[in-house]
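Encoded as structure tokens, the structure appears first; notes follow it.
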Amino acid sequence: MLRVITYIDGFNLYFGLKSQNWERFLWLDVQALSRNLLKTDQNLAHTKYFTSRVSLPPDKAKRQSTYIDAIQALADTSVYFGKYQTNPHTCRKCGHVYNAHNEKMTDVNIAVELLQDAFRDAFDSAILISADSDLIAPIEAVKKLFPNKRVIVACPPGRFSQNLCNASSAFLKIGHGVIAKSQFPDEVRTSTGFMLRRPASWA
């Protein structure tokens, strides 16, 4: 069986689902999603999820924290954190000051893990769930340094980068069916016995 590690760009996947108005699928089991992307000759070795914690508004931060706790309750799954920054910007036309939100470090964290795992010979194929073209460089590096390893891009719903897909060994688009059957149960028990519940709303 070929060993597979999945690398999931959390915000890219989240905003892809939001763009399709698929908020009902945001209680997404990323390990189940990873397994549902495998071929019959592949075995899932590990799932790596990359995100950044938000702090505002409080209800959104609480929902995200619950979701991250659910992911961390999964076996053979790791979560890697970047930074979520809020920067003030001024409108040139009216002078209105507003906050712009930017996620930092996710692409760097994915690149580091992908290359480290390739050097450790931890996978035969990597599945990258993202449509961020900033990840072209690490994909090309893995293909150049390890010609026998494959990096497959799985574009989230509503997201696509032709350049990223061209750089990959192969690519696919994640559809409604795979997302729908990759959901957590309404309640998820953590390793300490605490029960996490699907948020009533994602608004």
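Letters A, B, ... go to the chains of the structure tokens in the order shown; residues in each chain start at 1; ligands are counted from 1 in the same order.
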
Please provide as a PDB file with all heavy atoms, in the first residue's frame all residues within 9 Å of Leu28 in chain A, with the sequence filter that same-chain residues fewer than 3 positions apart are discarded (counting only C-alpha atoms).
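Saved as selection_12.pdb:
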```
ATOM      1  N   PHE A  25     -21.904  22.147   5.947  1.00  0.00           N
ATOM      2  CA  PHE A  25     -20.847  21.130   5.879  1.00  0.00           C
ATOM      3  C   PHE A  25     -19.561  21.559   6.590  1.00  0.00           C
ATOM      4  O   PHE A  25     -18.526  20.906   6.440  1.00  0.00           O
ATOM      5  CB  PHE A  25     -20.527  20.796   4.422  1.00  0.00           C
ATOM      6  CG  PHE A  25     -21.654  20.162   3.665  1.00  0.00           C
ATOM      7  CD1 PHE A  25     -21.953  20.576   2.377  1.00  0.00           C
ATOM      8  CD2 PHE A  25     -22.417  19.156   4.233  1.00  0.00           C
ATOM      9  CE1 PHE A  25     -22.991  19.991   1.664  1.00  0.00           C
ATOM     10  CE2 PHE A  25     -23.462  18.562   3.532  1.00  0.00           C
ATOM     11  CZ  PHE A  25     -23.748  18.972   2.244  1.00  0.00           C
ATOM     12  N   GLN A  31     -10.078  14.063   8.597  1.00  0.00           N
ATOM     13  CA  GLN A  31      -9.493  12.735   8.385  1.00  0.00           C
ATOM     14  C   GLN A  31     -10.388  11.894   7.471  1.00  0.00           C
ATOM     15  O   GLN A  31      -9.896  11.207   6.571  1.00  0.00           O
ATOM     16  CB  GLN A  31      -9.294  12.015   9.716  1.00  0.00           C
ATOM     17  CG  GLN A  31      -8.500  10.727   9.588  1.00  0.00           C
ATOM     18  CD  GLN A  31      -8.333  10.042  10.917  1.00  0.00           C
ATOM     19  OE1 GLN A  31      -9.251   9.381  11.394  1.00  0.00           O
ATOM     20  NE2 GLN A  31      -7.167  10.203  11.527  1.00  0.00           N
ATOM     21  N   ALA A  32     -11.700  11.978   7.681  1.00  0.00           N
ATOM     22  CA  ALA A  32     -12.629  11.273   6.795  1.00  0.00           C
ATOM     23  C   ALA A  32     -12.526  11.818   5.373  1.00  0.00           C
ATOM     24  O   ALA A  32     -12.547  11.051   4.400  1.00  0.00           O
ATOM     25  CB  ALA A  32     -14.058  11.409   7.314  1.00  0.00           C
ATOM     26  N   LEU A  33     -12.408  13.142   5.254  1.00  0.00           N
ATOM     27  CA  LEU A  33     -12.218  13.739   3.939  1.00  0.00           C
ATOM     28  C   LEU A  33     -10.964  13.185   3.273  1.00  0.00           C
ATOM     29  O   LEU A  33     -10.988  12.817   2.095  1.00  0.00           O
ATOM     30  CB  LEU A  33     -12.114  15.261   4.073  1.00  0.00           C
ATOM     31  CG  LEU A  33     -11.753  16.036   2.800  1.00  0.00           C
ATOM     32  CD1 LEU A  33     -12.822  15.854   1.730  1.00  0.00           C
ATOM     33  CD2 LEU A  33     -11.540  17.517   3.116  1.00  0.00           C
ATOM     34  N   TYR A  67     -14.315  23.493  16.869  1.00  0.00           N
ATOM     35  CA  TYR A  67     -13.972  22.707  15.686  1.00  0.00           C
ATOM     36  C   TYR A  67     -12.536  22.189  15.749  1.00  0.00           C
ATOM     37  O   TYR A  67     -12.265  21.018  15.453  1.00  0.00           O
ATOM     38  CB  TYR A  67     -14.188  23.544  14.425  1.00  0.00           C
ATOM     39  CG  TYR A  67     -13.873  22.799  13.153  1.00  0.00           C
ATOM     40  CD1 TYR A  67     -14.528  21.610  12.837  1.00  0.00           C
ATOM     41  CD2 TYR A  67     -12.908  23.274  12.264  1.00  0.00           C
ATOM     42  CE1 TYR A  67     -14.238  20.915  11.671  1.00  0.00           C
ATOM     43  CE2 TYR A  67     -12.616  22.582  11.090  1.00  0.00           C
ATOM     44  CZ  TYR A  67     -13.284  21.406  10.812  1.00  0.00           C
ATOM     45  OH  TYR A  67     -12.986  20.710   9.665  1.00  0.00           O
ATOM     46  N   ILE A  71     -11.034  18.296  15.715  1.00  0.00           N
ATOM     47  CA  ILE A  71      -9.968  17.779  14.848  1.00  0.00           C
ATOM     48  C   ILE A  71      -8.860  17.151  15.683  1.00  0.00           C
ATOM     49  O   ILE A  71      -8.341  16.071  15.358  1.00  0.00           O
ATOM     50  CB  ILE A  71      -9.407  18.906  13.951  1.00  0.00           C
ATOM     51  CG1 ILE A  71     -10.466  19.346  12.942  1.00  0.00           C
ATOM     52  CG2 ILE A  71      -8.140  18.441  13.225  1.00  0.00           C
ATOM     53  CD1 ILE A  71     -10.047  20.534  12.101  1.00  0.00           C
ATOM     54  N   ILE A 179     -17.589  15.928   0.289  1.00  0.00           N
ATOM     55  CA  ILE A 179     -17.758  16.792   1.461  1.00  0.00           C
ATOM     56  C   ILE A 179     -18.922  16.297   2.319  1.00  0.00           C
ATOM     57  O   ILE A 179     -18.815  16.204   3.549  1.00  0.00           O
ATOM     58  CB  ILE A 179     -18.003  18.255   1.033  1.00  0.00           C
ATOM     59  CG1 ILE A 179     -16.759  18.838   0.352  1.00  0.00           C
ATOM     60  CG2 ILE A 179     -18.422  19.116   2.231  1.00  0.00           C
ATOM     61  CD1 ILE A 179     -15.565  19.021   1.258  1.00  0.00           C
ATOM     62  N   ALA A 180     -20.034  15.965   1.695  1.00  0.00           N
ATOM     63  CA  ALA A 180     -21.239  15.569   2.428  1.00  0.00           C
ATOM     64  C   ALA A 180     -21.023  14.298   3.250  1.00  0.00           C
ATOM     65  O   ALA A 180     -21.585  14.156   4.339  1.00  0.00           O
ATOM     66  CB  ALA A 180     -22.397  15.380   1.462  1.00  0.00           C
ATOM     67  N   SER A 182     -18.213  13.321   4.567  1.00  0.00           N
ATOM     68  CA  SER A 182     -17.016  13.456   5.403  1.00  0.00           C
ATOM     69  C   SER A 182     -17.300  14.321   6.635  1.00  0.00           C
ATOM     70  O   SER A 182     -16.449  15.090   7.076  1.00  0.00           O
ATOM     71  CB  SER A 182     -15.866  14.061   4.594  1.00  0.00           C
ATOM     72  OG  SER A 182     -15.571  13.293   3.458  1.00  0.00           O
ATOM     73  N   GLN A 183     -18.484  14.188   7.198  1.00  0.00           N
ATOM     74  CA  GLN A 183     -18.884  15.010   8.325  1.00  0.00           C
ATOM     75  C   GLN A 183     -18.663  14.300   9.663  1.00  0.00           C
ATOM     76  O   GLN A 183     -18.765  13.073   9.764  1.00  0.00           O
ATOM     77  CB  GLN A 183     -20.363  15.385   8.199  1.00  0.00           C
ATOM     78  CG  GLN A 183     -20.692  16.218   6.971  1.00  0.00           C
ATOM     79  CD  GLN A 183     -20.061  17.593   7.024  1.00  0.00           C
ATOM     80  OE1 GLN A 183     -20.352  18.397   7.910  1.00  0.00           O
ATOM     81  NE2 GLN A 183     -19.170  17.864   6.083  1.00  0.00           N
ATOM     82  N   PHE A 184     -18.330  15.105  10.681  1.00  0.00           N
ATOM     83  CA  PHE A 184     -18.314  14.591  12.036  1.00  0.00           C
ATOM     84  C   PHE A 184     -19.736  14.210  12.449  1.00  0.00           C
ATOM     85  O   PHE A 184     -20.706  14.783  11.947  1.00  0.00           O
ATOM     86  CB  PHE A 184     -17.829  15.673  13.013  1.00  0.00           C
ATOM     87  CG  PHE A 184     -16.343  15.846  13.099  1.00  0.00           C
ATOM     88  CD1 PHE A 184     -15.751  17.059  12.769  1.00  0.00           C
ATOM     89  CD2 PHE A 184     -15.529  14.814  13.558  1.00  0.00           C
ATOM     90  CE1 PHE A 184     -14.379  17.238  12.876  1.00  0.00           C
ATOM     91  CE2 PHE A 184     -14.147  14.987  13.664  1.00  0.00           C
ATOM     92  CZ  PHE A 184     -13.579  16.206  13.324  1.00  0.00           C
TER      93      PHE A 184
END
```

Handout entry: Residues within 12 Å of Asp107 in chain A, only C-alpha atoms, excluding chain neighbours under 6 positions, as a VMD selection string
Key = chain A and resid 7 to 12 49 to 52 80 to 83 113 to 114 128 to 139

Serialized selection, C-alpha atoms, as a compact mmCIF listing (two decimals), in the first residue's frame:
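The new file again.txt reads:
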```
# COMPACT_ATOMS: atom_id res chain seq x y z
CA TYR A 7 -1.85 18.68 4.01
CA ILE A 8 -4.99 20.78 4.48
CA ASP A 9 -5.04 24.56 4.08
CA GLY A 10 -7.81 25.21 6.61
CA PHE A 11 -8.81 28.73 5.61
CA ASN A 12 -8.68 27.96 1.89
CA TYR A 49 -4.38 20.58 9.22
CA PHE A 50 -3.09 24.16 8.99
CA THR A 51 -4.99 27.14 10.34
CA SER A 52 -4.79 30.27 12.50
CA TYR A 80 -0.38 23.55 12.90
CA PHE A 81 -1.04 27.20 13.71
CA GLY A 82 -0.08 30.36 11.88
CA LYS A 83 -1.15 33.88 12.80
CA GLU A 113 6.06 20.06 6.68
CA LEU A 114 5.83 18.86 3.07
CA LEU A 128 -2.43 19.02 -0.80
CA ILE A 129 -5.92 20.39 -0.17
CA SER A 130 -5.56 23.99 -1.26
CA ALA A 131 -5.72 26.29 -4.26
CA ASP A 132 -3.04 28.69 -3.03
CA SER A 133 -0.53 29.29 -5.82
CA ASP A 134 2.11 30.28 -3.21
CA LEU A 135 2.56 26.53 -2.71
CA ILE A 136 3.94 25.97 -6.22
CA ALA A 137 7.56 26.30 -5.05
CA PRO A 138 7.51 23.51 -2.42
CA ILE A 139 5.64 21.20 -4.82
```

Near Gly175 in chain A, within 12 Å and counting only C-alpha atoms, which residues show up once chain neighbours fewer than 6 positions away are dropped, as a PDB file with N, CA, C and O atoms, in the first residue's frame?
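Written out: part-v4.pdb:
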```
ATOM      1  N   LEU A  13      -9.892  25.958   2.516  1.00  0.00           N
ATOM      2  CA  LEU A  13     -11.024  25.033   2.489  1.00  0.00           C
ATOM      3  C   LEU A  13     -12.277  25.676   3.070  1.00  0.00           C
ATOM      4  O   LEU A  13     -13.373  25.558   2.503  1.00  0.00           O
ATOM      5  N   GLY A  16     -13.695  28.246   0.731  1.00  0.00           N
ATOM      6  CA  GLY A  16     -14.258  27.553  -0.413  1.00  0.00           C
ATOM      7  C   GLY A  16     -15.660  27.051  -0.122  1.00  0.00           C
ATOM      8  O   GLY A  16     -16.586  27.230  -0.928  1.00  0.00           O
ATOM      9  N   LEU A  17     -15.838  26.441   1.040  1.00  0.00           N
ATOM     10  CA  LEU A  17     -17.161  25.966   1.433  1.00  0.00           C
ATOM     11  C   LEU A  17     -18.133  27.138   1.593  1.00  0.00           C
ATOM     12  O   LEU A  17     -19.295  27.053   1.171  1.00  0.00           O
ATOM     13  N   GLN A  20     -19.609  28.510  -1.616  1.00  0.00           N
ATOM     14  CA  GLN A  20     -20.650  27.673  -2.216  1.00  0.00           C
ATOM     15  C   GLN A  20     -21.918  27.658  -1.378  1.00  0.00           C
ATOM     16  O   GLN A  20     -22.866  26.930  -1.694  1.00  0.00           O
ATOM     17  N   TRP A  22     -22.137  26.405   1.567  1.00  0.00           N
ATOM     18  CA  TRP A  22     -22.172  25.070   2.162  1.00  0.00           C
ATOM     19  C   TRP A  22     -21.824  25.122   3.649  1.00  0.00           C
ATOM     20  O   TRP A  22     -21.120  24.249   4.167  1.00  0.00           O
ATOM     21  N   PHE A  25     -21.904  22.147   5.947  1.00  0.00           N
ATOM     22  CA  PHE A  25     -20.847  21.130   5.879  1.00  0.00           C
ATOM     23  C   PHE A  25     -19.561  21.559   6.590  1.00  0.00           C
ATOM     24  O   PHE A  25     -18.526  20.906   6.440  1.00  0.00           O
ATOM     25  N   LEU A  33     -12.408  13.142   5.254  1.00  0.00           N
ATOM     26  CA  LEU A  33     -12.218  13.739   3.939  1.00  0.00           C
ATOM     27  C   LEU A  33     -10.964  13.185   3.273  1.00  0.00           C
ATOM     28  O   LEU A  33     -10.988  12.817   2.095  1.00  0.00           O
ATOM     29  N   ASN A  36     -11.497   9.689   2.078  1.00  0.00           N
ATOM     30  CA  ASN A  36     -12.409   9.627   0.940  1.00  0.00           C
ATOM     31  C   ASN A  36     -11.770  10.082  -0.368  1.00  0.00           C
ATOM     32  O   ASN A  36     -12.370   9.937  -1.436  1.00  0.00           O
ATOM     33  N   LEU A  37     -10.558  10.623  -0.285  1.00  0.00           N
ATOM     34  CA  LEU A  37      -9.829  11.022  -1.486  1.00  0.00           C
ATOM     35  C   LEU A  37      -8.827   9.952  -1.949  1.00  0.00           C
ATOM     36  O   LEU A  37      -8.235  10.084  -3.015  1.00  0.00           O
ATOM     37  N   ALA A 154      -5.651  18.783  -4.430  1.00  0.00           N
ATOM     38  CA  ALA A 154      -7.100  18.610  -4.357  1.00  0.00           C
ATOM     39  C   ALA A 154      -7.712  19.972  -4.083  1.00  0.00           C
ATOM     40  O   ALA A 154      -7.601  20.505  -2.976  1.00  0.00           O
ATOM     41  N   CYS A 155      -8.308  20.573  -5.096  1.00  0.00           N
ATOM     42  CA  CYS A 155      -8.843  21.930  -4.971  1.00  0.00           C
ATOM     43  C   CYS A 155     -10.142  21.913  -4.163  1.00  0.00           C
ATOM     44  O   CYS A 155     -11.064  21.145  -4.472  1.00  0.00           O
ATOM     45  N   PRO A 156     -10.239  22.752  -3.132  1.00  0.00           N
ATOM     46  CA  PRO A 156     -11.478  22.830  -2.361  1.00  0.00           C
ATOM     47  C   PRO A 156     -12.642  23.319  -3.230  1.00  0.00           C
ATOM     48  O   PRO A 156     -12.419  23.931  -4.289  1.00  0.00           O
ATOM     49  N   PRO A 157     -13.870  23.069  -2.809  1.00  0.00           N
ATOM     50  CA  PRO A 157     -15.029  23.596  -3.555  1.00  0.00           C
ATOM     51  C   PRO A 157     -14.910  25.108  -3.734  1.00  0.00           C
ATOM     52  O   PRO A 157     -14.536  25.827  -2.809  1.00  0.00           O
ATOM     53  N   GLY A 158     -15.185  25.575  -4.932  1.00  0.00           N
ATOM     54  CA  GLY A 158     -15.155  27.007  -5.196  1.00  0.00           C
ATOM     55  C   GLY A 158     -13.777  27.608  -5.307  1.00  0.00           C
ATOM     56  O   GLY A 158     -13.634  28.835  -5.381  1.00  0.00           O
ATOM     57  N   ARG A 159     -12.738  26.784  -5.313  1.00  0.00           N
ATOM     58  CA  ARG A 159     -11.370  27.273  -5.393  1.00  0.00           C
ATOM     59  C   ARG A 159     -10.627  26.522  -6.498  1.00  0.00           C
ATOM     60  O   ARG A 159     -10.773  25.309  -6.636  1.00  0.00           O
ATOM     61  N   LYS A 181     -20.223  13.366   2.740  1.00  0.00           N
ATOM     62  CA  LYS A 181     -20.020  12.115   3.465  1.00  0.00           C
ATOM     63  C   LYS A 181     -18.796  12.143   4.375  1.00  0.00           C
ATOM     64  O   LYS A 181     -18.419  11.102   4.921  1.00  0.00           O
ATOM     65  N   SER A 182     -18.213  13.321   4.567  1.00  0.00           N
ATOM     66  CA  SER A 182     -17.016  13.456   5.403  1.00  0.00           C
ATOM     67  C   SER A 182     -17.300  14.321   6.635  1.00  0.00           C
ATOM     68  O   SER A 182     -16.449  15.090   7.076  1.00  0.00           O
TER      69      SER A 182
END
```

Exercise for the section: Go through range 50-159 of chain A and collect every residue that DSSP, computed from the backbone, puts in helix (DSSP H, G or I); the answer should be as a ChimeraX atom specification. Expected result: /A:58-72,106-119,133-145

Completion exercise
If you count only C-alpha atoms, the residue of A:Leu115, A:Ile127, A:Ala61, A:Cys94 closest to Lys48 in chain A turns out to be A:Ile127

Exercise for the section: Quote the spacing between CA of Ser191 in chain A and CA of Ala45 in chain A in Å to one decimal place. Expected result: 20.2 Å

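CA of Asp117 in chain A lies 11.0 Å from CA of Thr6 in chain A.
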
Problem - Best match for closeness to Ala126 in chain A among A:Val30, A:Ala70, A:Leu38, A:Leu196, counting only C-alpha atoms - result: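 Looking only at the distances to Ala126 in chain A, the closest residue turns out to be A:Leu38.
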
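Taking CA of Asp29 in chain A as the reference point, CA of Phe15 in chain A is found at 16.0 Å.
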
Problem - Within 9 Å of Ser201 in chain A using only C-alpha atoms, minus same-chain residues under 3 positions, as number ranges by chain - result: A: 23-24, 63, 198

Would you save the residues of that selection, restricted to N, CA, C and O atoms, as a PDB file, in the first residue's frame?
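Listed below is the output, result01.pdb:
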```
ATOM      1  N   GLU A  23     -22.345  26.146   4.353  1.00  0.00           N
ATOM      2  CA  GLU A  23     -22.062  26.260   5.778  1.00  0.00           C
ATOM      3  C   GLU A  23     -22.506  25.021   6.547  1.00  0.00           C
ATOM      4  O   GLU A  23     -21.917  24.676   7.582  1.00  0.00           O
ATOM      5  N   ARG A  24     -23.516  24.313   6.041  1.00  0.00           N
ATOM      6  CA  ARG A  24     -24.002  23.116   6.736  1.00  0.00           C
ATOM      7  C   ARG A  24     -22.947  22.009   6.753  1.00  0.00           C
ATOM      8  O   ARG A  24     -23.084  21.030   7.499  1.00  0.00           O
ATOM      9  N   ARG A  63     -16.697  29.024  18.073  1.00  0.00           N
ATOM     10  CA  ARG A  63     -17.012  27.964  17.116  1.00  0.00           C
ATOM     11  C   ARG A  63     -15.732  27.349  16.551  1.00  0.00           C
ATOM     12  O   ARG A  63     -15.611  26.132  16.414  1.00  0.00           O
ATOM     13  N   ARG A 198     -21.716  19.894  17.614  1.00  0.00           N
ATOM     14  CA  ARG A 198     -21.777  20.696  16.396  1.00  0.00           C
ATOM     15  C   ARG A 198     -22.410  22.057  16.705  1.00  0.00           C
ATOM     16  O   ARG A 198     -23.493  22.118  17.312  1.00  0.00           O
TER      17      ARG A 198
END
```

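Using only C-alpha atoms, the protein and nucleic acid residues lying no more than 12 Å from Asp69 in chain A, apart from those fewer than 5 places from it along its own chain, are A:Trp27, A:Asp29, A:Arg53, A:Lys62, A:Arg63, A:Gln64, A:Leu74, A:Thr77, A:Ser78, A:Val79, A:Glu187, A:Val188, A:Arg189, A:Thr190, A:Ser191, A:Thr192, A:Phe194, A:Met195, A:Leu196, A:Arg197, A:Arg198.
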
Now that the selection is made, can you save its residues with C-alpha atoms as a compact mmCIF listing (two decimals), in the first residue's frame?
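In the end it all went to result.txt:
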```
# COMPACT_ATOMS: atom_id res chain seq x y z
CA TRP A 27 -18.46 20.46 10.75
CA ASP A 29 -14.06 15.58 9.58
CA ARG A 53 -6.89 31.08 15.54
CA LYS A 62 -15.71 29.92 20.13
CA ARG A 63 -17.01 27.96 17.12
CA GLN A 64 -13.52 27.71 15.66
CA LEU A 74 -8.78 12.46 15.79
CA THR A 77 -3.98 14.00 12.91
CA SER A 78 -1.94 17.13 13.74
CA VAL A 79 -2.89 20.81 13.77
CA GLU A 187 -21.20 14.93 19.05
CA VAL A 188 -17.46 14.24 19.24
CA ARG A 189 -15.81 12.90 22.40
CA THR A 190 -12.28 14.11 23.19
CA SER A 191 -9.55 11.94 24.72
CA THR A 192 -10.43 13.38 28.15
CA PHE A 194 -15.38 15.92 27.09
CA MET A 195 -18.24 16.03 24.60
CA LEU A 196 -18.02 18.54 21.74
CA ARG A 197 -21.22 19.43 19.91
CA ARG A 198 -21.78 20.70 16.40
```
